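Reviewing the structure listed below.
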Amino acid sequence: MDEYAIGVLTNIGLFSFVALSAWLLLVAGELSFGQQAFFGVGAYAAGIGTAMLGWPLPLAALAAMALGAAAAALVGLPTLRLRGLYFTMATLAAAEMLRILFELFHWQIALGDERIGPDGTQGFRGIRWMLERGIEPLDFLAMVWILLIGVMVIFLRVENSRLGATLRALGHDPELARSAGIDVDRLKLGVVAAGGALAALGGALFAHHNTYIEPRNFDIMLGVHSLAYGLIGGLGTAFGPLLGVVLDIGVLEATRSLQGYRMIVFGGLVAVLLVFRPRGLLDERVVHWIRSRA
Amino acid sequence: MLELKAVSRHFGGVRAVDGLDLTVNEGEIVGLIGPNGSGKSTTVNLIAGLFPLTAGEIVFRKQPLRDVPVHGRLKLGIARTFQSIRLFGQLSVWQNLWVAQNSPEDRSRRGFFARWLGGQTQVREEIAQLLEFSALGHKQNELAANLSFGEQRRLELARALAARPKLLLLDEPAAGMNAEEIGQLRQRIVDLRAKGITVVLIEHVMELVMGVTDRIAVLNFGQKIAEGTPAQVQSDPAVKKAYLGGS
Amino acid sequence: MRFLLLICVFLTTSAAAQRVDANLDCKYTGKDFIYDCVIRLSRGGEPLSGAQLSVGADMPSMPMAHSIKPVKARSGKKPGEYAARLDLEMPGEWTVKLRLAGPVRDLLIVHYNFTESGTAPRK
């Protein structure tokens, strides 16, 4: 495999984590424009873990996930009381606040003849854990996809469980869900925290793939795309957001067939789908139809 | 079993429910009737906890409900249906019943992980019974949104029963049904009483209310204007006035 | 087996090595938006020749989605110099990623503003 193919497949994998986290919230009935912030929290936390504190990556990634979950729960606690669009706006505002905090975040330590650590808008360079261990891009790609497959196995398992059905139920009609005895507030908080952890895992891997991160990596564009992937791919199955990522990164970006017009095509695609298939290509009906055939 | 003490709910200047007293005893089927806008559905929503009381108190089995959230009231044993049918349309019939199994019995019988992540086999029997009771067995894998009107009404009732209620609030369950379906519904309500479930029935279809209830309360402008057996209520002059010539 | 080795590698902690420095000088070719670049690599102040170098670039916003296909750099005229032609989606700020293979393995990140007059390091 050539370097570019490895790069594209790695990017598809990395993007899938944050797309899945936005999708999880969508299924539970919440539109979040803020998942990029937890991706960022994960990237910074894991970067600090390996590059500054000398932790192994698995430990740093776990810490990043815990921090991502905590940050998401902290944002969710006051904002989940808001309904619909207000929650969406609150997630966007919270994500921008976090990004500005990254810009203000300076903490560097001397390692050898270098100063390592987050340096505000100058970014955080030297997250070289992979390079120092001679881990090749292809090995890293394998790690990303093994983790992603692990996450997908969990998602598909949950999908077939009562928990999965309950999440869809509260996404469909939270008031009815309450009346049916579901503790909607607690469940949503759990969903938000799980989404935060998942986005943070993606961020942790991204930081180590790139070796360098900066606040602008985690701006609203990432959030909009993550959300759009779920809406394009469909809410009926966890394969939906992956399909969205593959369509955008894998087809539009990698083939370069549309060059600079890609964003226009992407925006148009989202608009058309929202009109004709508001719950995406693989929506609940399609998934139900496929299952009843199988 | 259920006691409403001087319960009021005002929406701005509108007194949807105004100083209502009502008692429901264990094992009874109580009818709640009245003209449109008389506060019947609001009363159900207050008992179910959808909005807070403006004044008064509701007590269920000696427990005041003021601070019990909506989902908590179901756990105490109060289940309901909605006037306009509400189902989880993107879930199958079977899943609609599955997600509604939130009774304390179901909680204590299975562990946390088994209840949320366990497979469908452990509850197959119980859900099969619910499906049989509501004659939906042949539609169990259909999406709820694809059901016919009558089937959706039956599924709503089955969903409420999946929570093993002690008190069931039925908000116009016969609306839009034909005579045959109403007859079947009537039989189901009688069967529920035999199972020990107390029922509060809001209904416009008089033959159903008069035929199945032990006692009826009549509301008008949020106040109770009459209460008694079906025969007593039918001959009450205040009721006749409210229904026929009333301002 | 390879995978088990990898897991062992994943659980170890790090050691420092001497870093490679890089800088970049690009000329706009006049064609949309192709740049001819000269990359200079050095280690400990000495020019670093003979590296297998590939050059890619990301945009700071959404680096996972806006990246260009990495190109292999040729050896340049002077020691430590390499030449590569970059075909960017648009002018503006890019994060240039220099991946070194062969005897020296590394990934270097440098930031440049690409304009119609050439490149300048990001402030």
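Ordered as shown in the structure tokens, chains take letters A, B, and onward, while each chain numbers its residues from 1 and ligands are numbered from 1 in the order shown.
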
Exercise answer, chain A residues close to chain B, 8 Å and only C-alpha atoms, as a PDB file with all heavy atoms, in the first residue's frame:
ATOM      1  N   ARG A 157     -23.697  -4.728  19.039  1.00  0.00           N
ATOM      2  CA  ARG A 157     -24.238  -5.514  20.153  1.00  0.00           C
ATOM      3  C   ARG A 157     -25.307  -4.694  20.889  1.00  0.00           C
ATOM      4  O   ARG A 157     -26.391  -5.185  21.188  1.00  0.00           O
ATOM      5  CB  ARG A 157     -23.087  -5.889  21.092  1.00  0.00           C
ATOM      6  CG  ARG A 157     -23.487  -6.717  22.297  1.00  0.00           C
ATOM      7  CD  ARG A 157     -23.705  -8.165  21.905  1.00  0.00           C
ATOM      8  NE  ARG A 157     -24.378  -8.905  22.975  1.00  0.00           N
ATOM      9  CZ  ARG A 157     -25.693  -8.902  23.162  1.00  0.00           C
ATOM     10  NH1 ARG A 157     -26.479  -8.182  22.373  1.00  0.00           N
ATOM     11  NH2 ARG A 157     -26.228  -9.588  24.142  1.00  0.00           N
ATOM     12  N   VAL A 158     -24.973  -3.444  21.171  1.00  0.00           N
ATOM     13  CA  VAL A 158     -25.922  -2.573  21.875  1.00  0.00           C
ATOM     14  C   VAL A 158     -27.175  -2.358  21.026  1.00  0.00           C
ATOM     15  O   VAL A 158     -28.295  -2.320  21.530  1.00  0.00           O
ATOM     16  CB  VAL A 158     -25.263  -1.226  22.227  1.00  0.00           C
ATOM     17  CG1 VAL A 158     -26.298  -0.201  22.667  1.00  0.00           C
ATOM     18  CG2 VAL A 158     -24.233  -1.421  23.335  1.00  0.00           C
ATOM     19  N   ASN A 160     -28.728  -4.314  19.157  1.00  0.00           N
ATOM     20  CA  ASN A 160     -29.677  -5.417  19.266  1.00  0.00           C
ATOM     21  C   ASN A 160     -30.177  -5.622  20.688  1.00  0.00           C
ATOM     22  O   ASN A 160     -30.942  -6.533  20.948  1.00  0.00           O
ATOM     23  CB  ASN A 160     -29.024  -6.714  18.786  1.00  0.00           C
ATOM     24  CG  ASN A 160     -28.857  -6.704  17.286  1.00  0.00           C
ATOM     25  OD1 ASN A 160     -29.743  -6.276  16.576  1.00  0.00           O
ATOM     26  ND2 ASN A 160     -27.700  -7.124  16.815  1.00  0.00           N
ATOM     27  N   SER A 161     -29.705  -4.790  21.599  1.00  0.00           N
ATOM     28  CA  SER A 161     -30.088  -4.982  23.003  1.00  0.00           C
ATOM     29  C   SER A 161     -31.255  -4.065  23.349  1.00  0.00           C
ATOM     30  O   SER A 161     -31.670  -3.216  22.572  1.00  0.00           O
ATOM     31  CB  SER A 161     -28.899  -4.651  23.906  1.00  0.00           C
ATOM     32  OG  SER A 161     -28.703  -3.250  23.919  1.00  0.00           O
ATOM     33  N   ARG A 162     -31.756  -4.258  24.549  1.00  0.00           N
ATOM     34  CA  ARG A 162     -32.836  -3.417  25.033  1.00  0.00           C
ATOM     35  C   ARG A 162     -32.332  -1.982  25.208  1.00  0.00           C
ATOM     36  O   ARG A 162     -33.072  -1.027  24.992  1.00  0.00           O
ATOM     37  CB  ARG A 162     -33.333  -3.969  26.363  1.00  0.00           C
ATOM     38  CG  ARG A 162     -34.569  -3.294  26.840  1.00  0.00           C
ATOM     39  CD  ARG A 162     -35.256  -4.113  27.920  1.00  0.00           C
ATOM     40  NE  ARG A 162     -36.195  -3.259  28.602  1.00  0.00           N
ATOM     41  CZ  ARG A 162     -35.867  -2.466  29.595  1.00  0.00           C
ATOM     42  NH1 ARG A 162     -34.641  -2.449  30.038  1.00  0.00           N
ATOM     43  NH2 ARG A 162     -36.770  -1.687  30.140  1.00  0.00           N
ATOM     44  N   LEU A 163     -31.056  -1.831  25.554  1.00  0.00           N
ATOM     45  CA  LEU A 163     -30.486  -0.493  25.675  1.00  0.00           C
ATOM     46  C   LEU A 163     -30.570   0.243  24.339  1.00  0.00           C
ATOM     47  O   LEU A 163     -30.986   1.413  24.278  1.00  0.00           O
ATOM     48  CB  LEU A 163     -29.021  -0.583  26.142  1.00  0.00           C
ATOM     49  CG  LEU A 163     -28.255   0.734  26.191  1.00  0.00           C
ATOM     50  CD1 LEU A 163     -28.897   1.703  27.173  1.00  0.00           C
ATOM     51  CD2 LEU A 163     -26.796   0.498  26.591  1.00  0.00           C
ATOM     52  N   ALA A 165     -32.619  -0.308  21.805  1.00  0.00           N
ATOM     53  CA  ALA A 165     -34.012   0.021  21.488  1.00  0.00           C
ATOM     54  C   ALA A 165     -34.480   1.196  22.337  1.00  0.00           C
ATOM     55  O   ALA A 165     -35.204   2.083  21.859  1.00  0.00           O
ATOM     56  CB  ALA A 165     -34.892  -1.208  21.740  1.00  0.00           C
ATOM     57  N   THR A 166     -34.028   1.231  23.600  1.00  0.00           N
ATOM     58  CA  THR A 166     -34.437   2.314  24.490  1.00  0.00           C
ATOM     59  C   THR A 166     -33.860   3.656  24.017  1.00  0.00           C
ATOM     60  O   THR A 166     -34.542   4.685  24.069  1.00  0.00           O
ATOM     61  CB  THR A 166     -33.984   2.008  25.932  1.00  0.00           C
ATOM     62  OG1 THR A 166     -34.528   0.743  26.313  1.00  0.00           O
ATOM     63  CG2 THR A 166     -34.469   3.062  26.888  1.00  0.00           C
ATOM     64  N   ARG A 168     -33.185   4.489  20.970  1.00  0.00           N
ATOM     65  CA  ARG A 168     -33.988   4.915  19.819  1.00  0.00           C
ATOM     66  C   ARG A 168     -35.339   5.438  20.287  1.00  0.00           C
ATOM     67  O   ARG A 168     -35.868   6.398  19.734  1.00  0.00           O
ATOM     68  CB  ARG A 168     -34.201   3.749  18.862  1.00  0.00           C
ATOM     69  CG  ARG A 168     -32.949   3.391  18.123  1.00  0.00           C
ATOM     70  CD  ARG A 168     -33.201   2.476  16.947  1.00  0.00           C
ATOM     71  NE  ARG A 168     -31.931   2.169  16.322  1.00  0.00           N
ATOM     72  CZ  ARG A 168     -31.309   2.965  15.484  1.00  0.00           C
ATOM     73  NH1 ARG A 168     -31.867   4.107  15.130  1.00  0.00           N
ATOM     74  NH2 ARG A 168     -30.137   2.647  14.990  1.00  0.00           N
ATOM     75  N   ALA A 169     -35.886   4.787  21.301  1.00  0.00           N
ATOM     76  CA  ALA A 169     -37.191   5.202  21.812  1.00  0.00           C
ATOM     77  C   ALA A 169     -37.125   6.631  22.342  1.00  0.00           C
ATOM     78  O   ALA A 169     -37.970   7.467  22.009  1.00  0.00           O
ATOM     79  CB  ALA A 169     -37.660   4.249  22.913  1.00  0.00           C
ATOM     80  N   HIS A 172     -36.842   9.151  19.671  1.00  0.00           N
ATOM     81  CA  HIS A 172     -38.072   9.326  18.892  1.00  0.00           C
ATOM     82  C   HIS A 172     -39.071  10.223  19.619  1.00  0.00           C
ATOM     83  O   HIS A 172     -39.668  11.110  19.013  1.00  0.00           O
ATOM     84  CB  HIS A 172     -38.694   7.950  18.641  1.00  0.00           C
ATOM     85  CG  HIS A 172     -39.927   7.983  17.817  1.00  0.00           C
ATOM     86  ND1 HIS A 172     -39.898   8.187  16.463  1.00  0.00           N
ATOM     87  CD2 HIS A 172     -41.231   7.862  18.149  1.00  0.00           C
ATOM     88  CE1 HIS A 172     -41.128   8.177  16.000  1.00  0.00           C
ATOM     89  NE2 HIS A 172     -41.957   7.990  17.002  1.00  0.00           N
ATOM     90  N   ASP A 173     -39.265   9.993  20.908  1.00  0.00           N
ATOM     91  CA  ASP A 173     -40.264  10.749  21.661  1.00  0.00           C
ATOM     92  C   ASP A 173     -39.905  10.709  23.150  1.00  0.00           C
ATOM     93  O   ASP A 173     -40.323   9.805  23.870  1.00  0.00           O
ATOM     94  CB  ASP A 173     -41.655  10.128  21.428  1.00  0.00           C
ATOM     95  CG  ASP A 173     -42.766  10.951  22.086  1.00  0.00           C
ATOM     96  OD1 ASP A 173     -42.470  11.787  22.955  1.00  0.00           O
ATOM     97  OD2 ASP A 173     -43.934  10.740  21.719  1.00  0.00           O
ATOM     98  N   LEU A 176     -42.807  10.495  25.684  1.00  0.00           N
ATOM     99  CA  LEU A 176     -43.390   9.155  25.734  1.00  0.00           C
ATOM    100  C   LEU A 176     -42.454   8.202  26.477  1.00  0.00           C
ATOM    101  O   LEU A 176     -42.890   7.370  27.268  1.00  0.00           O
ATOM    102  CB  LEU A 176     -43.657   8.654  24.309  1.00  0.00           C
ATOM    103  CG  LEU A 176     -44.190   7.236  24.161  1.00  0.00           C
ATOM    104  CD1 LEU A 176     -45.477   7.051  24.922  1.00  0.00           C
ATOM    105  CD2 LEU A 176     -44.386   6.903  22.689  1.00  0.00           C
ATOM    106  N   ARG A 178     -40.385   8.917  28.833  1.00  0.00           N
ATOM    107  CA  ARG A 178     -40.547   9.174  30.275  1.00  0.00           C
ATOM    108  C   ARG A 178     -41.793   8.474  30.792  1.00  0.00           C
ATOM    109  O   ARG A 178     -41.772   7.840  31.836  1.00  0.00           O
ATOM    110  CB  ARG A 178     -40.703  10.674  30.519  1.00  0.00           C
ATOM    111  CG  ARG A 178     -39.410  11.391  30.598  1.00  0.00           C
ATOM    112  CD  ARG A 178     -39.537  12.717  31.319  1.00  0.00           C
ATOM    113  NE  ARG A 178     -38.235  13.332  31.326  1.00  0.00           N
ATOM    114  CZ  ARG A 178     -37.814  14.157  30.379  1.00  0.00           C
ATOM    115  NH1 ARG A 178     -38.624  14.516  29.409  1.00  0.00           N
ATOM    116  NH2 ARG A 178     -36.595  14.639  30.409  1.00  0.00           N
ATOM    117  N   SER A 179     -42.886   8.624  30.034  1.00  0.00           N
ATOM    118  CA  SER A 179     -44.142   8.025  30.471  1.00  0.00           C
ATOM    119  C   SER A 179     -44.051   6.507  30.513  1.00  0.00           C
ATOM    120  O   SER A 179     -44.795   5.860  31.228  1.00  0.00           O
ATOM    121  CB  SER A 179     -45.279   8.427  29.528  1.00  0.00           C
ATOM    122  OG  SER A 179     -45.489   9.809  29.602  1.00  0.00           O
ATOM    123  N   ALA A 180     -43.131   5.953  29.711  1.00  0.00           N
ATOM    124  CA  ALA A 180     -42.961   4.500  29.720  1.00  0.00           C
ATOM    125  C   ALA A 180     -41.948   4.075  30.776  1.00  0.00           C
ATOM    126  O   ALA A 180     -41.499   2.933  30.783  1.00  0.00           O
ATOM    127  CB  ALA A 180     -42.528   4.016  28.341  1.00  0.00           C
ATOM    128  N   GLY A 181     -41.557   5.003  31.644  1.00  0.00           N
ATOM    129  CA  GLY A 181     -40.717   4.643  32.776  1.00  0.00           C
ATOM    130  C   GLY A 181     -39.220   4.739  32.539  1.00  0.00           C
ATOM    131  O   GLY A 181     -38.435   4.237  33.327  1.00  0.00           O
ATOM    132  N   ILE A 182     -38.830   5.373  31.439  1.00  0.00           N
ATOM    133  CA  ILE A 182     -37.402   5.491  31.141  1.00  0.00           C
ATOM    134  C   ILE A 182     -36.868   6.780  31.763  1.00  0.00           C
ATOM    135  O   ILE A 182     -37.453   7.851  31.578  1.00  0.00           O
ATOM    136  CB  ILE A 182     -37.182   5.482  29.617  1.00  0.00           C
ATOM    137  CG1 ILE A 182     -37.619   4.130  29.038  1.00  0.00           C
ATOM    138  CG2 ILE A 182     -35.729   5.759  29.284  1.00  0.00           C
ATOM    139  CD1 ILE A 182     -37.862   4.158  27.543  1.00  0.00           C
ATOM    140  N   ASP A 183     -35.766   6.653  32.498  1.00  0.00           N
ATOM    141  CA  ASP A 183     -35.157   7.835  33.110  1.00  0.00           C
ATOM    142  C   ASP A 183     -34.350   8.560  32.035  1.00  0.00           C
ATOM    143  O   ASP A 183     -33.152   8.353  31.872  1.00  0.00           O
ATOM    144  CB  ASP A 183     -34.265   7.409  34.281  1.00  0.00           C
ATOM    145  CG  ASP A 183     -33.793   8.605  35.089  1.00  0.00           C
ATOM    146  OD1 ASP A 183     -33.911   9.747  34.588  1.00  0.00           O
ATOM    147  OD2 ASP A 183     -33.310   8.408  36.205  1.00  0.00           O
ATOM    148  N   GLU A 284     -34.016   3.801   9.496  1.00  0.00           N
ATOM    149  CA  GLU A 284     -34.592   2.683  10.242  1.00  0.00           C
ATOM    150  C   GLU A 284     -35.393   1.761   9.334  1.00  0.00           C
ATOM    151  O   GLU A 284     -35.384   0.550   9.501  1.00  0.00           O
ATOM    152  CB  GLU A 284     -35.473   3.194  11.375  1.00  0.00           C
ATOM    153  CG  GLU A 284     -34.710   3.827  12.525  1.00  0.00           C
ATOM    154  CD  GLU A 284     -34.422   5.293  12.303  1.00  0.00           C
ATOM    155  OE1 GLU A 284     -34.650   5.784  11.167  1.00  0.00           O
ATOM    156  OE2 GLU A 284     -33.968   5.957  13.243  1.00  0.00           O
ATOM    157  N   ARG A 285     -36.096   2.353   8.373  1.00  0.00           N
ATOM    158  CA  ARG A 285     -36.931   1.526   7.505  1.00  0.00           C
ATOM    159  C   ARG A 285     -36.085   0.611   6.617  1.00  0.00           C
ATOM    160  O   ARG A 285     -36.397  -0.564   6.465  1.00  0.00           O
ATOM    161  CB  ARG A 285     -37.826   2.419   6.630  1.00  0.00           C
ATOM    162  CG  ARG A 285     -38.994   2.928   7.406  1.00  0.00           C
ATOM    163  CD  ARG A 285     -39.841   3.889   6.586  1.00  0.00           C
ATOM    164  NE  ARG A 285     -40.856   4.453   7.445  1.00  0.00           N
ATOM    165  CZ  ARG A 285     -41.995   3.846   7.752  1.00  0.00           C
ATOM    166  NH1 ARG A 285     -42.269   2.664   7.237  1.00  0.00           N
ATOM    167  NH2 ARG A 285     -42.858   4.403   8.559  1.00  0.00           N
ATOM    168  N   HIS A 288     -34.636  -2.081   8.774  1.00  0.00           N
ATOM    169  CA  HIS A 288     -35.680  -3.043   9.129  1.00  0.00           C
ATOM    170  C   HIS A 288     -35.997  -3.960   7.948  1.00  0.00           C
ATOM    171  O   HIS A 288     -36.185  -5.163   8.101  1.00  0.00           O
ATOM    172  CB  HIS A 288     -36.943  -2.298   9.579  1.00  0.00           C
ATOM    173  CG  HIS A 288     -38.029  -3.218  10.042  1.00  0.00           C
ATOM    174  ND1 HIS A 288     -39.147  -3.490   9.291  1.00  0.00           N
ATOM    175  CD2 HIS A 288     -38.151  -3.952  11.165  1.00  0.00           C
ATOM    176  CE1 HIS A 288     -39.908  -4.338   9.932  1.00  0.00           C
ATOM    177  NE2 HIS A 288     -39.342  -4.633  11.074  1.00  0.00           N
TER     178      HIS A 288
END

Enumerate as a PyMOL selection string the residues belonging to chain A that approach chain C to within 9 Å, with only C-alpha atoms taken into account. chain A and resi 3-5+7-8+10-12+14-15+50-51+54-59+111-112+122+125-126+128-135+139+206+210-222+248-249+253-254+259-260

Have a look at CA of Ala179 (chain B) and CA of His138 (chain B) and let me know their distance in Å, one decimal.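 Distance between the two atoms: 22.6 Å.
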
Which polymer residues have any atom within 10 Å of an atom of region 221-223 of chain B, counting only C-alpha atoms, with same-chain residues fewer than 6 positions away left out, as a list in words?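 What passes the distance filter is Ala6, Val7, Ser8, Arg9, His10, Val14, Arg15, Ala16, Val17, Asp18, Gly19, Leu20, Asp21, Gly34, Pro35, Asn36, Gly37, Ser38, Gly39, Lys40, Thr42, Thr43 and Ala242 of chain B.
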
Measuring atom to atom with only C-alpha atoms, identify which of A:Val265, A:Leu231, A:Ile6, A:Met65 is nearest to Arg277 (chain A). A:Leu231

Counting only C-alpha atoms, what is within 9 Å of Ile225 (chain B), bar same-chain residues fewer than 2 positions away, as a ChimeraX atom specification? /B:217-220,223,227,238-239,242

Selection above as a file: N, CA, C and O atoms, as a PDB file, in the first residue's frame:
ATOM      1  N   ALA B 217     -67.145  10.142  37.150  1.00  0.00           N
ATOM      2  CA  ALA B 217     -67.084  11.539  37.563  1.00  0.00           C
ATOM      3  C   ALA B 217     -67.237  12.390  36.310  1.00  0.00           C
ATOM      4  O   ALA B 217     -66.645  12.077  35.273  1.00  0.00           O
ATOM      5  N   VAL B 218     -68.037  13.443  36.413  1.00  0.00           N
ATOM      6  CA  VAL B 218     -68.276  14.302  35.251  1.00  0.00           C
ATOM      7  C   VAL B 218     -67.607  15.641  35.494  1.00  0.00           C
ATOM      8  O   VAL B 218     -67.805  16.272  36.544  1.00  0.00           O
ATOM      9  N   LEU B 219     -66.791  16.058  34.515  1.00  0.00           N
ATOM     10  CA  LEU B 219     -66.103  17.339  34.627  1.00  0.00           C
ATOM     11  C   LEU B 219     -66.713  18.342  33.670  1.00  0.00           C
ATOM     12  O   LEU B 219     -67.168  17.996  32.583  1.00  0.00           O
ATOM     13  N   ASN B 220     -66.733  19.595  34.104  1.00  0.00           N
ATOM     14  CA  ASN B 220     -67.059  20.685  33.194  1.00  0.00           C
ATOM     15  C   ASN B 220     -66.297  21.914  33.656  1.00  0.00           C
ATOM     16  O   ASN B 220     -66.282  22.244  34.833  1.00  0.00           O
ATOM     17  N   GLN B 223     -64.098  21.551  36.695  1.00  0.00           N
ATOM     18  CA  GLN B 223     -64.673  21.217  37.999  1.00  0.00           C
ATOM     19  C   GLN B 223     -65.550  19.985  37.892  1.00  0.00           C
ATOM     20  O   GLN B 223     -66.130  19.723  36.845  1.00  0.00           O
ATOM     21  N   GLU B 227     -70.985  13.000  40.270  1.00  0.00           N
ATOM     22  CA  GLU B 227     -70.251  11.757  40.463  1.00  0.00           C
ATOM     23  C   GLU B 227     -71.221  10.690  40.939  1.00  0.00           C
ATOM     24  O   GLU B 227     -72.129  10.978  41.733  1.00  0.00           O
ATOM     25  N   ALA B 238     -77.589  18.357  36.095  1.00  0.00           N
ATOM     26  CA  ALA B 238     -76.417  19.192  35.792  1.00  0.00           C
ATOM     27  C   ALA B 238     -75.632  18.607  34.628  1.00  0.00           C
ATOM     28  O   ALA B 238     -75.095  19.333  33.777  1.00  0.00           O
ATOM     29  N   VAL B 239     -75.572  17.262  34.561  1.00  0.00           N
ATOM     30  CA  VAL B 239     -74.849  16.599  33.475  1.00  0.00           C
ATOM     31  C   VAL B 239     -75.569  16.834  32.156  1.00  0.00           C
ATOM     32  O   VAL B 239     -74.946  17.162  31.135  1.00  0.00           O
ATOM     33  N   ALA B 242     -74.869  20.304  30.952  1.00  0.00           N
ATOM     34  CA  ALA B 242     -73.517  20.489  30.428  1.00  0.00           C
ATOM     35  C   ALA B 242     -73.380  19.891  29.037  1.00  0.00           C
ATOM     36  O   ALA B 242     -72.708  20.448  28.163  1.00  0.00           O
TER      37      ALA B 242
END

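Near region 29-40 of chain C, within 7 Å and counting only C-alpha atoms, sit Ala22, Asn23, Leu24, Asp25, Gly80, Glu81, Tyr82, Ala83, Ala84, Arg85, Leu86, Asp87, Leu88, Glu89, Met90 and Pro91 of chain C, not including residues fewer than 4 positions from it in the same chain.
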
Write the residues of the preceding selection, restricted to N, CA, C and O atoms, as a PDB file, in the first residue's frame.
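And here's out34.pdb as it stands now:
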ATOM      1  N   ALA C  22      14.100  21.127   9.564  1.00  0.00           N
ATOM      2  CA  ALA C  22      13.745  21.293   8.152  1.00  0.00           C
ATOM      3  C   ALA C  22      13.302  22.714   7.890  1.00  0.00           C
ATOM      4  O   ALA C  22      12.742  23.374   8.763  1.00  0.00           O
ATOM      5  N   ASN C  23      13.601  23.217   6.694  1.00  0.00           N
ATOM      6  CA  ASN C  23      12.906  24.407   6.229  1.00  0.00           C
ATOM      7  C   ASN C  23      12.596  24.286   4.754  1.00  0.00           C
ATOM      8  O   ASN C  23      13.098  23.418   4.056  1.00  0.00           O
ATOM      9  N   LEU C  24      11.729  25.179   4.335  1.00  0.00           N
ATOM     10  CA  LEU C  24      11.060  25.000   3.054  1.00  0.00           C
ATOM     11  C   LEU C  24      11.123  26.315   2.298  1.00  0.00           C
ATOM     12  O   LEU C  24      10.993  27.383   2.895  1.00  0.00           O
ATOM     13  N   ASP C  25      11.340  26.238   0.988  1.00  0.00           N
ATOM     14  CA  ASP C  25      11.289  27.452   0.177  1.00  0.00           C
ATOM     15  C   ASP C  25      10.604  27.109  -1.145  1.00  0.00           C
ATOM     16  O   ASP C  25      11.112  26.296  -1.912  1.00  0.00           O
ATOM     17  N   GLY C  80      21.938  18.098   1.487  1.00  0.00           N
ATOM     18  CA  GLY C  80      20.817  18.386   2.390  1.00  0.00           C
ATOM     19  C   GLY C  80      19.642  19.038   1.710  1.00  0.00           C
ATOM     20  O   GLY C  80      18.657  19.355   2.364  1.00  0.00           O
ATOM     21  N   GLU C  81      19.744  19.224   0.401  1.00  0.00           N
ATOM     22  CA  GLU C  81      18.621  19.837  -0.312  1.00  0.00           C
ATOM     23  C   GLU C  81      17.814  18.785  -1.068  1.00  0.00           C
ATOM     24  O   GLU C  81      18.370  17.831  -1.610  1.00  0.00           O
ATOM     25  N   TYR C  82      16.512  19.013  -1.089  1.00  0.00           N
ATOM     26  CA  TYR C  82      15.602  18.115  -1.809  1.00  0.00           C
ATOM     27  C   TYR C  82      14.604  18.974  -2.566  1.00  0.00           C
ATOM     28  O   TYR C  82      14.297  20.086  -2.153  1.00  0.00           O
ATOM     29  N   ALA C  83      14.105  18.429  -3.672  1.00  0.00           N
ATOM     30  CA  ALA C  83      13.140  19.194  -4.465  1.00  0.00           C
ATOM     31  C   ALA C  83      11.830  18.415  -4.585  1.00  0.00           C
ATOM     32  O   ALA C  83      11.839  17.199  -4.729  1.00  0.00           O
ATOM     33  N   ALA C  84      10.716  19.133  -4.499  1.00  0.00           N
ATOM     34  CA  ALA C  84       9.413  18.485  -4.660  1.00  0.00           C
ATOM     35  C   ALA C  84       8.439  19.491  -5.244  1.00  0.00           C
ATOM     36  O   ALA C  84       8.561  20.693  -5.019  1.00  0.00           O
ATOM     37  N   ARG C  85       7.455  18.983  -5.987  1.00  0.00           N
ATOM     38  CA  ARG C  85       6.423  19.858  -6.556  1.00  0.00           C
ATOM     39  C   ARG C  85       5.104  19.561  -5.838  1.00  0.00           C
ATOM     40  O   ARG C  85       4.638  18.416  -5.823  1.00  0.00           O
ATOM     41  N   LEU C  86       4.544  20.608  -5.234  1.00  0.00           N
ATOM     42  CA  LEU C  86       3.296  20.429  -4.482  1.00  0.00           C
ATOM     43  C   LEU C  86       2.125  20.999  -5.270  1.00  0.00           C
ATOM     44  O   LEU C  86       2.186  22.110  -5.780  1.00  0.00           O
ATOM     45  N   ASP C  87       1.047  20.213  -5.345  1.00  0.00           N
ATOM     46  CA  ASP C  87      -0.171  20.661  -6.028  1.00  0.00           C
ATOM     47  C   ASP C  87      -1.246  20.860  -4.958  1.00  0.00           C
ATOM     48  O   ASP C  87      -1.871  19.912  -4.500  1.00  0.00           O
ATOM     49  N   LEU C  88      -1.448  22.118  -4.551  1.00  0.00           N
ATOM     50  CA  LEU C  88      -2.351  22.404  -3.430  1.00  0.00           C
ATOM     51  C   LEU C  88      -3.769  22.668  -3.923  1.00  0.00           C
ATOM     52  O   LEU C  88      -3.978  23.101  -5.056  1.00  0.00           O
ATOM     53  N   GLU C  89      -4.738  22.410  -3.036  1.00  0.00           N
ATOM     54  CA  GLU C  89      -6.134  22.683  -3.375  1.00  0.00           C
ATOM     55  C   GLU C  89      -6.385  24.174  -3.518  1.00  0.00           C
ATOM     56  O   GLU C  89      -7.194  24.615  -4.325  1.00  0.00           O
ATOM     57  N   MET C  90      -5.746  24.945  -2.657  1.00  0.00           N
ATOM     58  CA  MET C  90      -5.958  26.391  -2.653  1.00  0.00           C
ATOM     59  C   MET C  90      -4.785  27.054  -1.956  1.00  0.00           C
ATOM     60  O   MET C  90      -4.050  26.381  -1.225  1.00  0.00           O
ATOM     61  N   PRO C  91      -4.577  28.356  -2.193  1.00  0.00           N
ATOM     62  CA  PRO C  91      -3.508  29.025  -1.463  1.00  0.00           C
ATOM     63  C   PRO C  91      -3.924  29.228  -0.011  1.00  0.00           C
ATOM     64  O   PRO C  91      -5.059  28.942   0.352  1.00  0.00           O
TER      65      PRO C  91
END
